[in-house]
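> Below is a structure I'd like to ask you about.
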Amino acid sequence: MGRLTFRSIEFSSTLPFADLASGPSPPPTHFILPHLPSVVTAETKADFRLRTAPCIDVDNSVSPDSVTSFHKPRPIMTIAASLFENSASLVGAARERIEAYGADTLLIVGGNERTEKSLTSTEAINILSESFPTDTVSLFCAWDPNSPRDLDDLAKKINAGATGVITQPLLTKSAWDQFDMCQSEAVFGEKIVLIPGMALPKSKKNLMFWSNLLKEPPDTIHKDDEFIRSLRYFESPDFNKSIRHAWSTEQRDRLLSYEITRGLHFMPLGNNADLLLLLR
């Protein structure tokens, strides 16, 4: 883990901040705040500002388990392109995130709430790359390697100005095949930061939840040999946290075996025990 430039975590106010600051070695480098207006409250945003550097000084009376800014992860702000219809509103939102949170990295995703006038993630990246100097703001994009069709879209995002890629969790044979191809054919050059995403499901229900978030139809995902192999872990009659740990550790180590992996992004969704285990 120490060789990774990025060890990022999807932010939640329920993360075990004291353990993250003192336990893992090396500690996480970044927290990523999702752009979900119906879920991310003003209180969550304030907590995110408190727990990322270098936004504000630590006030122990407000947050007893906070640590010095030296140890605090950097902020990465997500922007859902579908929530914007023009360049002015998009650039304004990006500038607010940069100034209010001290962010120097923006993660541009498509988003779910789309209208006919919504910007695409590629359009948003192109607009932002023309609005902010590349030496002050890095633009990251999302990629679902479980969908063979998504690689063409990824190329468009990189051509538009994305310099970093954060993936959906690799749950299918197609996803791992695409990673093999990207490494063997040097698809990602030295300038592109590739950060595979890792889901940390606690149960079969959680695993199915993640499979339903992918771009390929659920019935396609659920018939995939690699997904079926993962499912066997969670359907084991003797299923317990040790079996769950074995699955997540295998996923982590497999991702780390790729030279193109420049980081890992953890999406625990409340599974803080496995998160701490994998960061060690």
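Identifiers for the structure tokens are assigned positionally: chains receive A, B, ... in sequence, residues are indexed from 1 per chain, and ligands are indexed from 1 in the order shown.
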So that I can check the surroundings of A:Leu90, please list as a PyMOL selection string every protein, DNA and RNA residue that reaches within 8 Å of it, counting only C-alpha atoms and ignoring chain neighbours fewer than 5 positions away.
chain A and resi 81+84-85+124+128
> Grab the residues selected above and save them as a CSV table (one decimal), in the first residue's frame with N, CA and C atoms.

```csv
chain,number,residue,atom,x,y,z
A,81,ALA,N,-22.0,15.8,-13.5
A,81,ALA,CA,-22.3,16.6,-14.7
A,81,ALA,C,-23.8,16.8,-15.0
A,84,PHE,N,-25.9,19.9,-14.2
A,84,PHE,CA,-25.6,21.2,-14.8
A,84,PHE,C,-26.0,21.3,-16.2
A,85,GLU,N,-26.5,22.4,-16.7
A,85,GLU,CA,-26.9,22.6,-18.1
A,85,GLU,C,-26.1,23.6,-18.9
A,124,ALA,N,-18.4,18.2,-19.5
A,124,ALA,CA,-18.0,18.9,-18.2
A,124,ALA,C,-16.5,18.9,-18.1
A,128,LEU,N,-14.2,22.4,-17.9
A,128,LEU,CA,-13.4,22.6,-16.7
A,128,LEU,C,-11.9,22.7,-17.1
```
> Excluding A:Glu190 and its own-chain neighbours fewer than 6 positions away, which residues fall within 12 Å of it when counting only C-alpha atoms? Please give them as a PyMOL selection string.
chain A and resi 163-164+183+259-262
> Could you turn the residues from that selection into a file that holds C-alpha atoms, as a PDB file, in the first residue's frame?

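Generated output (selection_21.pdb):
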```pdb
ATOM      1  CA  THR A 163      -5.692  13.122 -15.896  1.00  0.00           C
ATOM      2  CA  GLY A 164      -6.996  10.643 -13.317  1.00  0.00           C
ATOM      3  CA  GLN A 183      -1.544  -3.050 -18.721  1.00  0.00           C
ATOM      4  CA  GLU A 259       1.803  -1.971 -12.293  1.00  0.00           C
ATOM      5  CA  ILE A 260      -0.749   0.476 -13.702  1.00  0.00           C
ATOM      6  CA  THR A 261      -2.461   0.768 -10.299  1.00  0.00           C
ATOM      7  CA  ARG A 262      -1.481   4.147  -8.836  1.00  0.00           C
TER       8      ARG A 262
END
```
> So, counting only C-alpha atoms, which residue among A:Leu4, A:Leu277, A:Lys157, A:Phe266 is closest to A:Ala246?
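For A:Ala246, the nearest of the given residues is A:Leu277.
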> Excluding A:Ala80 and residues on its chain fewer than 6 positions from it, collect all residues at most 7 Å away from it, counting only C-alpha atoms, and give them as a compact mmCIF listing (two decimals) with C-alpha atoms, in the first residue's frame.

```txt
# COMPACT_ATOMS: atom_id res chain seq x y z
CA HIS A 35 -22.16 14.97 -5.13
CA ILE A 108 -16.31 14.44 -12.63
CA VAL A 109 -19.03 11.78 -12.84
CA GLY A 110 -22.07 11.46 -15.07
CA GLY A 111 -24.69 11.51 -12.32
```
> Which residue, A:Phe140, A:Phe188, A:Phe31, A:Trp247, has the smallest gap to A:Ala160 when you use only C-alpha atoms?
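Looking at the shortest contact to A:Ala160, the residue is A:Phe140.
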> Out of A:Pro201, A:Ile127, A:Lys223, A:Ala155, which residue has the shortest atom-to-atom distance to A:Ser174 when counting only C-alpha atoms?
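Among the listed residues, A:Lys223 lies closest to A:Ser174.
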> Excluding same-chain residues fewer than 6 positions from stretch 5-20 of chain A, what lies within 8 Å of it counting only C-alpha atoms, as a PyMOL selection string?
chain A and resi 27-34+44+47-48+65-67+195+262-268+270+272+276
> Residues of the last selection are to be written out with N, CA and C atoms, as a compact mmCIF listing (two decimals), in the first residue's frame.

```
# COMPACT_ATOMS: atom_id res chain seq x y z
N PRO A 27 -1.35 6.05 6.36
CA PRO A 27 -2.76 6.41 6.51
C PRO A 27 -3.37 6.77 5.16
N PRO A 28 -4.70 6.94 5.11
CA PRO A 28 -5.34 7.37 3.86
C PRO A 28 -4.85 8.74 3.43
N THR A 29 -4.79 8.95 2.13
CA THR A 29 -4.29 10.22 1.60
C THR A 29 -5.41 11.19 1.24
N HIS A 30 -6.61 10.67 0.90
CA HIS A 30 -7.69 11.53 0.43
C HIS A 30 -9.04 11.03 0.92
N PHE A 31 -9.96 11.97 1.18
CA PHE A 31 -11.38 11.68 1.33
C PHE A 31 -12.08 12.26 0.10
N ILE A 32 -13.08 11.52 -0.42
CA ILE A 32 -13.85 11.99 -1.57
C ILE A 32 -15.29 12.23 -1.14
N LEU A 33 -15.76 13.47 -1.36
CA LEU A 33 -17.14 13.80 -1.00
C LEU A 33 -18.04 13.60 -2.21
N PRO A 34 -19.04 12.71 -2.13
CA PRO A 34 -19.95 12.50 -3.26
C PRO A 34 -20.79 13.74 -3.54
N THR A 44 -22.86 17.11 6.87
CA THR A 44 -21.82 16.25 6.31
C THR A 44 -20.75 17.08 5.62
N ASP A 47 -18.56 18.61 8.21
CA ASP A 47 -17.67 17.59 8.78
C ASP A 47 -16.53 17.28 7.81
N PHE A 48 -16.85 17.22 6.53
CA PHE A 48 -15.83 16.96 5.51
C PHE A 48 -14.77 18.06 5.53
N ASP A 65 -11.83 13.84 18.18
CA ASP A 65 -10.99 12.82 17.58
C ASP A 65 -10.26 13.33 16.34
N SER A 66 -10.35 14.63 16.06
CA SER A 66 -9.61 15.17 14.93
C SER A 66 -8.13 15.16 15.24
N VAL A 67 -7.33 15.21 14.18
CA VAL A 67 -5.89 15.21 14.34
C VAL A 67 -5.32 16.43 13.65
N ILE A 195 -6.85 4.68 -10.53
CA ILE A 195 -7.18 4.33 -9.15
C ILE A 195 -8.38 3.38 -9.17
N ARG A 262 -2.17 3.04 -9.51
CA ARG A 262 -1.48 4.15 -8.84
C ARG A 262 -2.14 4.50 -7.50
N GLY A 263 -3.24 3.84 -7.21
CA GLY A 263 -3.94 4.10 -5.97
C GLY A 263 -5.08 3.12 -5.80
N LEU A 264 -5.74 3.18 -4.65
CA LEU A 264 -6.96 2.43 -4.42
C LEU A 264 -7.98 3.36 -3.79
N HIS A 265 -9.24 3.21 -4.23
CA HIS A 265 -10.32 4.00 -3.66
C HIS A 265 -11.30 3.07 -2.97
N PHE A 266 -11.47 3.25 -1.66
CA PHE A 266 -12.32 2.36 -0.86
C PHE A 266 -13.70 2.97 -0.67
N MET A 267 -14.72 2.13 -0.88
CA MET A 267 -16.12 2.54 -0.72
C MET A 267 -16.77 1.63 0.32
N PRO A 268 -16.58 1.93 1.61
CA PRO A 268 -16.96 0.96 2.65
C PRO A 268 -18.46 0.86 2.91
N GLY A 270 -20.20 1.80 5.37
CA GLY A 270 -20.42 1.36 6.74
C GLY A 270 -19.58 0.18 7.18
N ASN A 272 -16.62 -0.49 8.20
CA ASN A 272 -15.38 0.13 8.67
C ASN A 272 -14.34 -0.90 9.15
N LEU A 276 -10.44 -0.79 7.74
CA LEU A 276 -9.22 -0.68 8.55
C LEU A 276 -8.28 -1.85 8.29
```
> Determine the nearest neighbour of A:Ser147 from the options A:Ala93, A:Cys182, A:Val187, A:Leu171, counting only C-alpha atoms.
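Closest residue, counting only C-alpha atoms: A:Leu171.
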> Stretch 161-214 of chain A: which residues are strand (DSSP E) by DSSP, as number ranges by chain?
A: 164-169, 193-199
> Choose the residue, out of A:Asp274, A:Glu116, A:Glu43, A:Asp150, that has the smallest atom-to-atom separation from A:Ile243; count only C-alpha atoms.
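Ranking A:Asp274, A:Glu116, A:Glu43, A:Asp150 by distance to A:Ile243, first place goes to A:Asp274.
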> If you run DSSP on the backbone here, which positions in stretch 41-216 of chain A get alpha helix (DSSP H)? Please write them as a PyMOL selection string.
chain A and resi 42-51+87-101+121-131+150-160+173-184+204-211
> Quick one: pull the distance between atom CA of A:Ile192 and atom CA of A:Thr105, Å, one decimal.
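These two atoms are separated by 13.6 Å.
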> Looking at A:Arg95, A:Arg74, A:Lys204, A:Arg49, which one is nearest to A:Ser230, with distances taken over only C-alpha atoms?
A:Lys204
> Which value, in Å to one decimal, gives the distance between atom CA of A:Leu256 and atom CA of A:Thr52?
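Value for the atom CA of A:Leu256-atom CA of A:Thr52 distance: 25.6 Å.
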> Name all residues at most 10 Å from A:Ser129 (count only C-alpha atoms; drop same-chain ones fewer than 2 positions away) and give them as a PyMOL selection string.
chain A and resi 123-127+131-134+137-139+160-162
> Would you mind listing what lies within 12 Å of A:Phe209 as a PDB file with N, CA and C atoms, in the first residue's frame, with only C-alpha atoms counted and same-chain residues fewer than 6 positions away left out?

```pdb
ATOM      1  N   PRO A 169     -15.983  -0.830  -8.758  1.00  0.00           N
ATOM      2  CA  PRO A 169     -15.340  -2.085  -8.323  1.00  0.00           C
ATOM      3  C   PRO A 169     -15.322  -3.116  -9.438  1.00  0.00           C
ATOM      4  N   LEU A 171     -15.948  -6.427 -10.620  1.00  0.00           N
ATOM      5  CA  LEU A 171     -16.747  -7.562 -10.162  1.00  0.00           C
ATOM      6  C   LEU A 171     -16.972  -8.604 -11.252  1.00  0.00           C
ATOM      7  N   ALA A 199     -15.234  -1.966  -3.556  1.00  0.00           N
ATOM      8  CA  ALA A 199     -16.411  -2.071  -2.697  1.00  0.00           C
ATOM      9  C   ALA A 199     -16.098  -3.021  -1.554  1.00  0.00           C
ATOM     10  N   LEU A 200     -16.716  -2.783  -0.403  1.00  0.00           N
ATOM     11  CA  LEU A 200     -16.502  -3.639   0.763  1.00  0.00           C
ATOM     12  C   LEU A 200     -17.845  -4.189   1.245  1.00  0.00           C
ATOM     13  N   PRO A 201     -18.452  -5.089   0.465  1.00  0.00           N
ATOM     14  CA  PRO A 201     -19.753  -5.630   0.875  1.00  0.00           C
ATOM     15  C   PRO A 201     -19.641  -6.484   2.133  1.00  0.00           C
ATOM     16  N   LYS A 202     -20.654  -6.384   2.977  1.00  0.00           N
ATOM     17  CA  LYS A 202     -20.681  -7.166   4.214  1.00  0.00           C
ATOM     18  C   LYS A 202     -21.526  -8.424   4.081  1.00  0.00           C
ATOM     19  N   SER A 203     -22.293  -8.521   3.009  1.00  0.00           N
ATOM     20  CA  SER A 203     -23.220  -9.638   2.858  1.00  0.00           C
ATOM     21  C   SER A 203     -23.528  -9.840   1.385  1.00  0.00           C
ATOM     22  N   PRO A 218     -28.172  -6.104 -14.680  1.00  0.00           N
ATOM     23  CA  PRO A 218     -27.937  -7.062 -13.588  1.00  0.00           C
ATOM     24  C   PRO A 218     -27.946  -8.514 -14.041  1.00  0.00           C
ATOM     25  N   ILE A 221     -24.553  -9.263 -15.397  1.00  0.00           N
ATOM     26  CA  ILE A 221     -23.547  -9.314 -14.330  1.00  0.00           C
ATOM     27  C   ILE A 221     -23.670 -10.615 -13.540  1.00  0.00           C
ATOM     28  N   HIS A 222     -24.888 -10.981 -13.202  1.00  0.00           N
ATOM     29  CA  HIS A 222     -25.105 -12.122 -12.316  1.00  0.00           C
ATOM     30  C   HIS A 222     -24.799 -13.466 -12.980  1.00  0.00           C
ATOM     31  N   LEU A 269     -19.214   1.934   2.697  1.00  0.00           N
ATOM     32  CA  LEU A 269     -20.653   1.915   3.000  1.00  0.00           C
ATOM     33  C   LEU A 269     -20.931   1.326   4.382  1.00  0.00           C
TER      34      LEU A 269
END
```
> If you count only C-alpha atoms, which residues fall within 7 Å of A:Thr172, apart from same-chain ones fewer than 5 positions away, as a PyMOL selection string?
chain A and resi 146+221+224+226-227
> Mind writing the picked residues with N, CA and C atoms as a short mmCIF file (atom, residue, chain, number, x, y, z; two decimals), in the first residue's frame?

```
data_model
loop_
_atom_site.label_atom_id
_atom_site.label_comp_id
_atom_site.auth_asym_id
_atom_site.auth_seq_id
_atom_site.Cartn_x
_atom_site.Cartn_y
_atom_site.Cartn_z
N ASN A 146 -16.35 -2.96 -15.86
CA ASN A 146 -17.24 -4.11 -16.02
C ASN A 146 -18.04 -4.03 -17.33
N ILE A 221 -24.55 -9.26 -15.40
CA ILE A 221 -23.55 -9.31 -14.33
C ILE A 221 -23.67 -10.61 -13.54
N ASP A 224 -22.07 -13.71 -14.92
CA ASP A 224 -20.64 -13.63 -15.19
C ASP A 224 -19.87 -14.59 -14.28
N GLU A 226 -16.84 -14.53 -13.04
CA GLU A 226 -16.10 -13.90 -11.94
C GLU A 226 -17.05 -13.46 -10.84
N PHE A 227 -18.20 -12.91 -11.23
CA PHE A 227 -19.18 -12.51 -10.22
C PHE A 227 -19.71 -13.72 -9.46
#
```
